$ cat coords-v4.txt   # compact mmCIF, C-alpha atoms
# COMPACT_ATOMS: atom_id res chain seq x y z
CA MET A 1 0.00 0.00 0.00
CA THR A 2 1.55 3.28 -1.14
CA GLN A 3 2.07 5.84 1.59
CA GLU A 4 0.93 9.36 0.71
CA ASN A 5 3.73 11.92 0.96
CA ILE A 6 2.62 15.02 2.88
CA PHE A 7 5.49 17.00 1.36
CA LEU A 8 4.09 16.43 -2.15
CA PHE A 9 0.55 17.60 -1.38
CA VAL A 10 -0.59 20.29 -3.81
CA PRO A 11 -1.10 23.06 -1.21
CA ASN A 12 2.40 22.39 0.10
CA LEU A 13 3.85 22.56 -3.41
CA ILE A 14 2.14 25.95 -3.72
CA GLY A 15 3.74 26.77 -0.36
CA TYR A 16 7.23 25.98 -1.64
CA ALA A 17 6.57 28.22 -4.65
CA ARG A 18 5.56 31.01 -2.25
CA VAL A 19 8.81 30.59 -0.30
CA LEU A 20 10.97 30.58 -3.44
CA LEU A 21 9.20 33.61 -4.92
CA ALA A 22 9.58 35.52 -1.66
CA LEU A 23 13.30 34.65 -1.45
CA LEU A 24 13.75 35.69 -5.07
CA SER A 25 12.01 39.01 -4.46
CA PHE A 26 14.37 39.92 -1.60
CA TYR A 27 17.38 38.79 -3.61
CA LEU A 28 16.27 41.11 -6.43
CA LEU A 29 15.14 44.06 -4.30
CA PRO A 30 18.48 45.91 -4.21
CA CYS A 31 19.10 45.74 -7.95
CA CYS A 32 15.77 45.30 -9.71
CA PRO A 33 12.79 46.83 -7.85
CA TRP A 34 9.99 46.03 -10.30
CA PRO A 35 10.75 42.32 -10.89
CA ALA A 36 11.18 42.09 -7.10
CA VAL A 37 7.75 43.66 -6.47
CA PHE A 38 6.25 41.29 -9.05
CA CYS A 39 7.68 38.22 -7.29
CA TYR A 40 6.56 39.49 -3.88
CA LEU A 41 2.99 40.15 -5.02
CA LEU A 42 2.83 36.79 -6.83
CA SER A 43 3.96 35.07 -3.63
CA ALA A 44 1.26 36.93 -1.70
CA LEU A 45 -1.35 36.08 -4.36
CA LEU A 46 -0.57 32.36 -4.14
CA ASP A 47 -1.45 32.63 -0.44
CA ALA A 48 -5.09 32.80 -1.52
CA PHE A 49 -4.81 29.54 -3.46
CA ASP A 50 -3.10 27.13 -1.10
CA GLY A 51 -5.99 27.29 1.35
CA HIS A 52 -8.56 26.60 -1.35
CA ALA A 53 -6.48 23.77 -2.79
CA ALA A 54 -6.14 22.20 0.65
CA ARG A 55 -9.89 22.19 1.23
CA ALA A 56 -10.80 21.15 -2.32
CA LEU A 57 -8.35 18.22 -2.38
CA ASN A 58 -8.73 17.30 1.31
CA GLN A 59 -5.04 17.99 1.80
CA SER A 60 -5.10 20.33 4.80
CA THR A 61 -2.06 19.68 6.98
CA LYS A 62 -0.57 21.23 10.12
CA PHE A 63 2.75 21.34 8.26
CA GLY A 64 1.18 23.35 5.43
CA ALA A 65 -0.54 25.73 7.83
CA MET A 66 2.73 26.40 9.66
CA MET A 67 4.69 26.87 6.43
CA ASP A 68 2.02 29.32 5.28
CA MET A 69 2.23 31.38 8.45
CA LEU A 70 6.03 31.29 8.64
CA THR A 71 6.20 32.53 5.04
CA ASP A 72 3.87 35.43 5.90
CA ARG A 73 5.84 36.39 9.02
CA CYS A 74 9.26 36.13 7.37
CA ALA A 75 8.21 37.96 4.20
CA THR A 76 6.83 40.89 6.20
CA MET A 77 9.95 40.88 8.37
CA CYS A 78 12.29 40.98 5.36
CA LEU A 79 10.25 43.75 3.71
CA LEU A 80 10.61 45.84 6.87
CA VAL A 81 14.38 45.29 6.71
CA ASN A 82 14.43 46.76 3.21
CA LEU A 83 12.19 49.64 4.33
CA SER A 84 14.69 50.37 7.12
CA LEU A 85 17.38 50.69 4.45
CA LEU A 86 15.20 53.14 2.47
CA TYR A 87 14.03 55.12 5.52
CA PRO A 88 16.86 54.73 8.08
CA SER A 89 15.42 57.37 10.43
CA CYS A 90 12.33 55.14 10.90
CA THR A 91 14.33 51.99 11.65
CA PHE A 92 13.26 51.76 15.30
CA LEU A 93 9.57 51.96 14.31
CA PHE A 94 10.06 49.16 11.78
CA GLN A 95 11.86 47.10 14.42
CA ILE A 96 8.97 47.58 16.87
CA SER A 97 6.55 46.55 14.13
CA MET A 98 8.56 43.39 13.35
CA CYS A 99 8.78 42.39 17.00
CA LEU A 100 5.08 43.01 17.59
CA ASP A 101 4.13 40.99 14.52
CA ILE A 102 6.34 37.99 15.35
CA ALA A 103 5.76 37.98 19.12
CA SER A 104 1.96 38.43 19.00
CA HIS A 105 1.44 35.70 16.40
CA TRP A 106 3.89 33.31 18.08
CA LEU A 107 2.55 33.73 21.62
CA HIS A 108 -1.06 33.56 20.42
CA LEU A 109 -0.43 30.36 18.43
CA HIS A 110 1.52 28.79 21.29
CA SER A 111 -1.09 29.57 23.94
CA SER A 112 -3.87 28.30 21.65
CA THR A 113 -1.96 25.08 20.96
CA ILE A 114 -1.33 24.36 24.65
CA LYS A 115 -4.86 25.40 25.63
CA GLY A 116 -6.28 23.04 23.02
CA SER A 117 -4.85 20.12 24.91
CA SER A 118 -5.99 21.18 28.37
CA SER A 119 -9.41 20.82 29.91
CA HIS A 120 -9.62 23.81 32.20
CA LYS A 121 -11.11 27.21 31.53
CA THR A 122 -8.87 29.96 30.22
CA ILE A 123 -9.53 33.50 29.01
CA ASP A 124 -11.72 33.27 25.94
CA LEU A 125 -10.06 35.37 23.27
CA SER A 126 -13.30 35.95 21.43
CA GLY A 127 -14.74 37.45 24.61
CA ASN A 128 -12.73 40.56 23.80
CA PRO A 129 -15.05 42.70 21.58
CA ILE A 130 -12.26 44.08 19.41
CA LEU A 131 -10.85 40.64 18.70
CA ARG A 132 -14.30 39.17 18.20
CA ILE A 133 -14.97 41.35 15.15
CA TYR A 134 -11.45 40.65 13.92
CA TYR A 135 -11.95 36.89 14.09
CA THR A 136 -15.56 36.39 13.11
CA SER A 137 -15.68 38.63 10.04
CA LYS A 138 -13.64 37.35 7.10
CA PRO A 139 -13.91 40.64 5.15
CA VAL A 140 -12.62 42.59 8.16
CA LEU A 141 -9.71 40.18 8.63
CA PHE A 142 -8.82 40.34 4.93
CA VAL A 143 -8.95 44.15 4.74
CA MET A 144 -6.82 44.50 7.87
CA CYS A 145 -4.15 42.05 6.70
CA ALA A 146 -4.09 43.19 3.07
CA GLY A 147 -4.15 46.89 4.03
CA ASN A 148 -1.27 46.34 6.45
CA GLU A 149 0.85 44.57 3.80
CA LEU A 150 -0.10 47.15 1.17
CA PHE A 151 1.12 49.95 3.45
CA PHE A 152 4.63 48.46 3.48
CA CYS A 153 4.54 47.84 -0.28
CA LEU A 154 3.43 51.43 -0.95
CA LEU A 155 6.23 52.78 1.26
CA TYR A 156 8.68 50.80 -0.87
CA VAL A 157 7.11 51.97 -4.15
CA LEU A 158 7.03 55.59 -2.89
CA HIS A 159 10.82 55.60 -2.78
CA HIS A 160 11.08 54.54 -6.41
CA VAL A 161 8.44 56.79 -7.99
CA GLN A 162 9.32 60.36 -9.04
CA GLU A 163 6.08 62.26 -8.56
CA PRO A 164 3.33 60.18 -7.03
CA ALA A 165 -0.24 61.18 -7.84
CA ALA A 166 -2.59 62.51 -5.19
CA TRP A 167 -4.54 59.25 -5.03
CA PHE A 168 -1.29 57.46 -4.06
CA TYR A 169 -0.97 59.58 -0.93
CA TRP A 170 -4.63 59.01 -0.11
CA LEU A 171 -4.14 55.24 -0.40
CA LEU A 172 -0.95 55.48 1.67
CA GLY A 173 -2.83 57.36 4.39
CA LEU A 174 -5.66 54.82 4.38
CA CYS A 175 -3.30 51.85 4.56
CA GLY A 176 -1.22 53.63 7.19
CA THR A 177 -4.33 53.93 9.34
CA ILE A 178 -5.03 50.21 8.86
CA CYS A 179 -1.40 49.43 9.80
CA PHE A 180 -1.78 51.48 12.97
CA LEU A 181 -5.05 49.75 13.89
CA LYS A 182 -3.61 46.29 13.15
CA SER A 183 -0.63 47.08 15.37
CA GLY A 184 -3.04 47.90 18.15
CA ILE A 185 -4.84 44.61 17.59
CA SER A 186 -1.51 42.77 17.67
CA LEU A 187 -0.79 44.39 21.02
CA VAL A 188 -4.18 43.23 22.33
CA HIS A 189 -3.36 39.74 21.03
CA LEU A 190 -0.02 39.79 22.84
CA VAL A 191 -1.62 40.82 26.13
CA THR A 192 -4.49 38.31 25.96
CA ALA A 193 -2.13 35.50 24.90
CA SER A 194 0.09 36.36 27.89
CA GLN A 195 -2.95 36.23 30.16
CA ASN A 196 -3.90 32.85 28.68
CA MET A 197 -0.39 31.50 29.27
CA ALA A 198 -0.39 32.79 32.85
CA ALA A 199 -3.82 31.26 33.46
CA LEU A 200 -2.54 27.89 32.19
CA ASP A 201 0.52 28.24 34.44
CA ALA A 202 -1.64 29.10 37.47
CA ALA A 203 -3.93 26.12 36.89
CA GLU A 204 -0.94 23.79 36.51
CA ARG A 205 0.67 25.07 39.72
CA GLU A 206 -2.64 24.64 41.55
CA THR A 207 -2.86 21.04 40.33
CA ASN A 208 0.73 20.35 41.39
CA ARG A 209 0.07 21.78 44.83
CA LYS A 210 -3.01 19.61 45.32
CA ARG A 211 -0.95 16.55 44.46
CA GLN A 212 1.40 17.28 47.35
CA MET B 1 -6.80 33.09 50.08
CA THR B 2 -4.48 35.33 48.09
CA GLN B 3 -3.89 34.26 44.49
CA GLU B 4 -0.29 34.33 43.35
CA ASN B 5 0.26 36.62 40.37
CA ILE B 6 2.34 34.90 37.66
CA PHE B 7 3.18 38.30 36.14
CA LEU B 8 4.92 39.37 39.36
CA PHE B 9 7.14 36.30 39.67
CA VAL B 10 10.81 37.25 40.04
CA PRO B 11 12.05 35.54 36.86
CA ASN B 12 9.30 37.32 34.90
CA LEU B 13 10.29 40.68 36.42
CA ILE B 14 13.83 39.94 35.21
CA GLY B 15 12.25 39.14 31.84
CA TYR B 16 10.55 42.55 31.65
CA ALA B 17 13.89 44.18 32.47
CA ARG B 18 15.48 42.21 29.60
CA VAL B 19 12.78 43.43 27.19
CA LEU B 20 13.12 47.08 28.27
CA LEU B 21 16.93 46.99 28.10
CA ALA B 22 16.80 45.44 24.63
CA LEU B 23 14.29 48.05 23.42
CA LEU B 24 16.45 50.81 24.91
CA SER B 25 19.54 49.45 23.17
CA PHE B 26 17.89 49.56 19.74
CA TYR B 27 16.49 53.02 20.43
CA LEU B 28 20.02 54.21 21.27
CA LEU B 29 21.89 52.33 18.54
CA PRO B 30 21.71 55.04 15.84
CA CYS B 31 22.91 57.88 18.10
CA CYS B 32 24.91 56.36 20.95
CA PRO B 33 26.66 53.08 20.08
CA TRP B 34 28.44 52.37 23.37
CA PRO B 35 25.47 52.92 25.74
CA ALA B 36 23.47 50.82 23.29
CA VAL B 37 26.00 47.97 23.40
CA PHE B 38 26.00 48.19 27.20
CA CYS B 39 22.21 47.82 27.37
CA TYR B 40 22.23 44.96 24.87
CA LEU B 41 24.91 43.01 26.74
CA LEU B 42 23.18 43.65 30.09
CA SER B 43 19.95 42.31 28.63
CA ALA B 44 21.80 39.23 27.39
CA LEU B 45 23.54 38.80 30.76
CA LEU B 46 20.21 38.85 32.63
CA ASP B 47 19.23 35.88 30.46
CA ALA B 48 21.53 33.78 32.64
CA PHE B 49 19.76 34.84 35.82
CA ASP B 50 16.06 34.39 35.09
CA GLY B 51 16.47 30.64 34.65
CA HIS B 52 18.34 30.31 37.94
CA ALA B 53 15.81 32.49 39.75
CA ALA B 54 12.96 30.40 38.37
CA ARG B 55 14.45 27.16 39.64
CA ALA B 56 15.60 28.58 42.99
CA LEU B 57 12.24 30.17 43.80
CA ASN B 58 10.11 27.43 42.18
CA GLN B 59 8.70 30.03 39.82
CA SER B 60 9.22 28.36 36.45
CA THR B 61 6.35 29.26 34.12
CA LYS B 62 5.48 28.59 30.48
CA PHE B 63 4.83 32.33 30.16
CA GLY B 64 8.32 33.14 31.39
CA ALA B 65 9.92 30.58 29.10
CA MET B 66 8.10 32.00 26.07
CA MET B 67 8.94 35.60 27.00
CA ASP B 68 12.58 34.55 27.35
CA MET B 69 12.69 32.94 23.93
CA LEU B 70 10.75 35.73 22.20
CA THR B 71 13.18 38.27 23.68
CA ASP B 72 16.14 36.27 22.31
CA ARG B 73 14.59 35.91 18.84
CA CYS B 74 13.50 39.56 18.58
CA ALA B 75 16.77 40.97 19.93
CA THR B 76 18.80 38.97 17.38
CA MET B 77 16.38 40.01 14.64
CA CYS B 78 16.67 43.71 15.51
CA LEU B 79 20.46 43.50 15.71
CA LEU B 80 20.53 42.01 12.20
CA VAL B 81 18.41 44.95 10.99
CA ASN B 82 21.05 47.36 12.30
CA LEU B 83 23.82 45.25 10.76
CA SER B 84 22.00 45.50 7.41
CA LEU B 85 22.14 49.29 7.75
CA LEU B 86 25.91 49.13 8.44
CA TYR B 87 26.66 46.53 5.74
CA PRO B 88 23.91 47.05 3.11
CA SER B 89 25.57 44.77 0.54
CA CYS B 90 25.11 41.84 2.99
CA THR B 91 21.41 42.55 3.62
CA PHE B 92 20.16 39.41 1.88
CA LEU B 93 22.48 37.22 3.98
CA PHE B 94 21.23 38.86 7.17
CA GLN B 95 17.63 38.35 6.01
CA ILE B 96 18.30 34.63 5.37
CA SER B 97 19.83 34.38 8.84
CA MET B 98 16.81 36.07 10.46
CA CYS B 99 14.34 33.82 8.65
CA LEU B 100 16.30 30.68 9.48
CA ASP B 101 16.53 31.66 13.15
CA ILE B 102 12.83 32.48 13.54
CA ALA B 103 11.47 29.66 11.38
CA SER B 104 13.64 26.87 12.82
CA HIS B 105 12.93 27.81 16.44
CA TRP B 106 9.21 28.36 15.80
CA LEU B 107 8.62 25.15 13.84
CA HIS B 108 10.70 23.11 16.30
CA LEU B 109 8.83 24.48 19.32
CA HIS B 110 5.47 23.99 17.62
CA SER B 111 6.14 20.41 16.56
CA SER B 112 7.47 19.57 20.05
CA THR B 113 4.40 21.10 21.69
CA ILE B 114 1.95 19.17 19.50
CA LYS B 115 3.99 15.98 19.77
CA GLY B 116 4.01 16.26 23.56
CA SER B 117 0.25 15.85 23.60
CA SER B 118 0.07 12.90 21.26
CA SER B 119 0.82 9.28 22.02
CA HIS B 120 2.22 7.99 18.77
CA LYS B 121 5.81 7.65 17.67
CA THR B 122 7.40 10.50 15.73
CA ILE B 123 10.94 11.14 14.51
CA ASP B 124 13.14 11.34 17.57
CA LEU B 125 15.09 14.55 17.26
CA SER B 126 17.90 13.30 19.45
CA GLY B 127 18.32 10.39 17.08
CA ASN B 128 20.09 12.81 14.77
CA PRO B 129 23.79 12.67 15.86
CA ILE B 130 24.47 16.35 15.19
CA LEU B 131 21.48 17.48 17.19
CA ARG B 132 22.18 14.97 19.95
CA ILE B 133 25.50 16.63 20.83
CA TYR B 134 23.85 20.02 20.55
CA TYR B 135 21.11 19.10 22.99
CA THR B 136 22.85 16.88 25.50
CA SER B 137 25.94 18.99 26.13
CA LYS B 138 25.26 22.27 27.93
CA PRO B 139 28.77 23.66 27.24
CA VAL B 140 28.37 22.99 23.51
CA LEU B 141 24.96 24.65 23.45
CA PHE B 142 26.27 27.68 25.35
CA VAL B 143 29.35 28.12 23.13
CA MET B 144 27.26 27.83 19.97
CA CYS B 145 24.63 30.34 21.10
CA ALA B 146 27.05 32.79 22.69
CA GLY B 147 29.50 32.57 19.77
CA ASN B 148 26.67 33.20 17.32
CA GLU B 149 25.48 36.29 19.21
CA LEU B 150 29.06 37.51 19.68
CA PHE B 151 29.64 37.32 15.93
CA PHE B 152 26.84 39.84 15.33
CA CYS B 153 28.04 42.08 18.17
CA LEU B 154 31.62 42.03 16.83
CA LEU B 155 30.38 42.96 13.34
CA TYR B 156 28.63 45.96 14.89
CA VAL B 157 31.70 46.96 16.93
CA LEU B 158 33.96 46.50 13.88
CA HIS B 159 32.13 49.34 12.16
CA HIS B 160 32.80 51.73 15.04
CA VAL B 161 36.46 50.92 15.79
CA GLN B 162 39.24 52.67 13.84
CA GLU B 163 42.01 50.07 13.70
CA PRO B 164 41.02 46.75 15.24
CA ALA B 165 43.82 44.65 16.67
CA ALA B 166 44.80 41.31 15.14
CA TRP B 167 43.12 39.34 17.96
CA PHE B 168 39.82 41.04 17.05
CA TYR B 169 39.92 39.56 13.58
CA TRP B 170 40.85 36.15 15.00
CA LEU B 171 37.85 36.31 17.34
CA LEU B 172 35.63 37.48 14.48
CA GLY B 173 36.78 34.54 12.39
CA LEU B 174 36.18 32.08 15.22
CA CYS B 175 32.69 33.43 15.94
CA GLY B 176 31.96 33.55 12.22
CA THR B 177 32.72 29.84 12.03
CA ILE B 178 30.40 29.19 14.97
CA PHE B 179 27.72 31.31 13.26
CA PHE B 180 28.08 29.22 10.09
CA LEU B 181 27.85 25.95 12.02
CA LYS B 182 24.84 27.14 14.05
CA SER B 183 23.10 28.15 10.83
CA GLY B 184 23.62 24.62 9.56
CA ILE B 185 22.19 23.23 12.79
CA SER B 186 19.18 25.54 12.46
CA LEU B 187 18.63 24.15 8.96
CA VAL B 188 18.75 20.59 10.32
CA HIS B 189 16.25 21.66 13.01
CA LEU B 190 13.94 23.09 10.36
CA VAL B 191 14.05 19.90 8.30
CA THR B 192 13.54 17.51 11.23
CA ALA B 193 10.74 19.68 12.65
CA SER B 194 9.06 19.59 9.22
CA GLN B 195 9.41 15.80 9.16
CA ASN B 196 7.90 15.63 12.66
CA MET B 197 4.95 17.80 11.61
CA ALA B 198 4.39 15.71 8.49
CA ALA B 199 4.56 12.48 10.53
CA LEU B 200 1.92 13.88 12.91
CA ASP B 201 -0.22 14.86 9.93
CA ALA B 202 0.15 11.41 8.35
CA THR B 203 -0.87 9.66 11.54
CA GLU B 204 -3.88 11.93 12.00
CA ARG B 205 -5.03 11.32 8.42
CA GLU B 206 -4.61 7.57 8.93
CA ALA B 207 -6.72 7.74 12.09
CA ASN B 208 -9.39 9.77 10.29
CA LYS B 209 -9.44 7.29 7.40
CA LYS B 210 -9.94 4.33 9.72
CA ARG B 211 -12.89 6.09 11.34
CA GLN B 212 -14.68 6.26 8.00

$ encode --input "coords-v4.txt" --output "C-alpha cells"
Amino acid sequence: MTQENIFLFVPNLIGYARVLLALLSFYLLPCCPWPAVFCYLLSALLDAFDGHAARALNQSTKFGAMMDMLTDRCATMCLLVNLSLLYPSCTFLFQISMCLDIASHWLHLHSSTIKGSSSHKTIDLSGNPILRIYYTSKPVLFVMCAGNELFFCLLYVLHHVQEPAAWFYWLLGLCGTICFLKSGISLVHLVTASQNMAALDAAERETNRKRQ
Amino acid sequence: MTQENIFLFVPNLIGYARVLLALLSFYLLPCCPWPAVFCYLLSALLDAFDGHAARALNQSTKFGAMMDMLTDRCATMCLLVNLSLLYPSCTFLFQISMCLDIASHWLHLHSSTIKGSSSHKTIDLSGNPILRIYYTSKPVLFVMCAGNELFFCLLYVLHHVQEPAAWFYWLLGLCGTIFFLKSGISLVHLVTASQNMAALDATEREANKKRQ
C-alpha cells in the first residue's frame, strides 16, 4: 500500500513556490525593484490559493498551515528590513513593528496550541469585543491584513516613484491607518495570549500543589 | 486566600527588564553606540539569571519561558536589521539568517508542543547525531549560542572601531565559524521539525481514514 507523501501535497507545493518567490524578491530588491515587487505580489497572491487547494483536495495539513504562516511572518519581516534601508530614520519603528508581529502571532499560536490540549477554563479570546470582530468577520480580517501589507509595499514603491499622484498619498494614508489599527490589535493579542499562558501556568501550579 | 500573580514572579520581572533593556539598546543604537551595546549586553547577561531564579524560587512558568525565547529571537532580529544598515551589501544574507533563526525555532517548538500531547511515535530529534550533541551537552549549546550572538556584536563593533587589533579579527573569524555551524544546525532543526509535523499529519489522516 503506497504511503501518501505530505510534502508532495498540492497546497504544500504551492507553499514551496511562495517561499521561493519571496526569497527571489528579496534577492532582487536591491538591484531590480519592479521584478522584485512582481515576485513578492505573486507570492502573496498564491497565499489565496493554497488554502482553497487544501480544502478542495482534502489535503489540509498542520505542516502546510505552519509553512504558510512562517512565510507570511518572514516575508513581512524581510520587507521591513528593506524599508529600514530606504528610511533609516524610521528603523526603530520598523523594528517595533517586526517584534510586535512575530511575538503576538507566536505567543497567540503557542497559547492556543497548549490550551487546546488542556481541559480547564482559560480566558476566551473571542470574549474581547475588538478581537471578536477581527476573528468572526472574514472581510474585516482580509482588509486589515491586506491593508497592512499594502502599506509596506506602498512605502517601498514611494521611494522609487518620481512624482506620485494625489490618489497614491490618499491610499498610503488609508493603509497607514489600517497598519496602525492592526498594530493595536496585535498588542491586544499579545496581552491576551500572555494572560492565557499565565492562566494555564496558574492552573498547573494549583494542580501540582493539590498533588502534594 | 491570596492568588499568586504569575506576572509578578521574580524571573518574569527579570524578563521585563530584559525586554526594556533590549528596546532601549535599539532606540540608542543610531545615536549612541556604546550605551546601546552596554544595554544589549546587560539584557543578554540577565538571560543567565532568570532561569536560575525560576528554579531557585520554584517560579518556572510557560509564560516566562516563552517571553525569554521571544526576547532572544526579537533581539537577534533587531540586531541584524542594524547590521543590514551598516553593511547594506550583505542585507540578503542577514535576512536569510533572520528567517532561518525564527522559522527553525518556531517550527521546532510547535512540533514539540503538538507531539508532547500525542501518544504515537514521531521522529526522535535526538536520534540525529548532530542534534544529539547540541542538545545533551550544555557547554556545547552555550558556546554555539554565545558565539553566534558575539559574531553579530563584533560585526557591529567592527564598524565603530578605527584600527582593530589582530586578535579582534581572529575572534571574528572564530565566531563567524560558529555562526556558520549554528546556521547549519538551524537548517537541520527546520528539516527535522518539518518531518515531525508531516509524521503527525500522516498519523492523524490515517486515524481519520480508519474512522470512515

$ residues_around --input "coords-v4.txt" --residues "stretch 171-179 of chain B" --least-positions-apart "4" --cutoff "6 Å" --atoms "all atoms listed in the file" --output "JSON, numbers by chain"
{"B": [147, 148, 151]}

$ closest_residue --input "coords-v4.txt" --among "A:Arg18, A:His52, A:His105, A:His159" --to "chain B" --atoms "only C-alpha atoms"
A:His105

$ closest_residue --input "coords-v4.txt" --among "A:Val191, A:Val19, A:Ala53, A:Ala48" --to "A:Cys74" --atoms "all atoms listed in the file"
A:Val19

$ atom_distance --input "coords-v4.txt" --atom1 "atom CA of B:Gly116" --atom2 "atom CA of B:Asp72"
23.4 Å

$ interface_residues --input "coords-v4.txt" --of "chain A" --to "chain B" --cutoff "7 Å" --atoms "all atoms listed in the file" --output "ChimeraX atom specification"
/A:6,26-27,61-63,70,74,78,81,85,92,95,99,103,117,194,197-198,201

$ atom_distance --input "coords-v4.txt" --atom1 "atom CA of A:Cys39" --atom2 "atom CA of A:Ser183"
25.7 Å

$ residues_around --input "coords-v4.txt" --residues "A:Phe142" --least-positions-apart "5" --cutoff "12 Å" --atoms "only C-alpha atoms" --output "NGL selection string"
:A and (47-48 or 133-137 or 147-150 or 178 or 182)

$ residues_around --input "coords-v4.txt" --residues "A:Leu42" --least-positions-apart "3" --cutoff "12 Å" --atoms "only C-alpha atoms" --output "list in words"
Ile14, Gly15, Ala17, Arg18, Val19, Leu20, Leu21, Ala22, Leu23, Leu24, Ser25, Pro35, Ala36, Val37, Phe38, Cys39, Leu45, Leu46, Asp47, Ala48 and Phe49 of chain A

$ atom_distance --input "coords-v4.txt" --atom1 "atom CA of A:Trp106" --atom2 "atom CA of B:Ala44"
21.0 Å

$ closest_residue --input "coords-v4.txt" --among "B:Ser137, B:Asn128, B:Gln212, B:Gln162" --to "B:His189" --atoms "only C-alpha atoms"
B:Asn128

$ closest_residue --input "coords-v4.txt" --among "B:Tyr87, B:Leu141, B:His108, B:Ile185" --to "B:Leu155" --atoms "only C-alpha atoms"
B:Tyr87

$ build_atoms --input "coords-v4.txt" --residues "stretch 1-13 of chain B" --atoms "N, CA, C and O atoms" --output "compact mmCIF listing (two decimals), in the frame of the given file"
# COMPACT_ATOMS: atom_id res chain seq x y z
N MET B 1 -8.11 33.63 50.49
CA MET B 1 -6.80 33.09 50.08
C MET B 1 -6.24 33.89 48.91
O MET B 1 -6.88 34.05 47.88
N THR B 2 -5.04 34.47 49.14
CA THR B 2 -4.48 35.33 48.09
C THR B 2 -3.98 34.49 46.92
O THR B 2 -3.28 33.48 47.10
N GLN B 3 -4.32 34.94 45.72
CA GLN B 3 -3.89 34.26 44.49
C GLN B 3 -2.52 34.78 44.09
O GLN B 3 -2.30 35.99 44.07
N GLU B 4 -1.59 33.87 43.80
CA GLU B 4 -0.29 34.33 43.35
C GLU B 4 -0.42 34.90 41.94
O GLU B 4 -1.19 34.40 41.13
N ASN B 5 0.32 35.96 41.67
CA ASN B 5 0.26 36.62 40.37
C ASN B 5 1.49 36.23 39.55
O ASN B 5 2.61 36.63 39.86
N ILE B 6 1.25 35.40 38.51
CA ILE B 6 2.34 34.90 37.66
C ILE B 6 3.17 36.07 37.12
O ILE B 6 4.40 35.99 37.04
N PHE B 7 2.49 37.18 36.78
CA PHE B 7 3.18 38.30 36.14
C PHE B 7 4.15 39.00 37.08
O PHE B 7 5.00 39.76 36.64
N LEU B 8 4.02 38.73 38.40
CA LEU B 8 4.92 39.37 39.36
C LEU B 8 6.00 38.42 39.88
O LEU B 8 6.72 38.76 40.80
N PHE B 9 6.07 37.23 39.29
CA PHE B 9 7.14 36.30 39.67
C PHE B 9 8.49 36.94 39.35
O PHE B 9 8.64 37.63 38.34
N VAL B 10 9.48 36.64 40.19
CA VAL B 10 10.81 37.25 40.04
C VAL B 10 11.43 37.00 38.66
O VAL B 10 11.90 37.94 38.01
N PRO B 11 11.44 35.75 38.18
CA PRO B 11 12.05 35.54 36.86
C PRO B 11 11.34 36.33 35.76
O PRO B 11 11.96 36.73 34.77
N ASN B 12 10.03 36.56 35.91
CA ASN B 12 9.30 37.32 34.90
C ASN B 12 9.62 38.82 35.01
O ASN B 12 9.65 39.52 34.00
N LEU B 13 9.87 39.29 36.24
CA LEU B 13 10.29 40.68 36.42
C LEU B 13 11.65 40.89 35.74
O LEU B 13 11.88 41.91 35.08
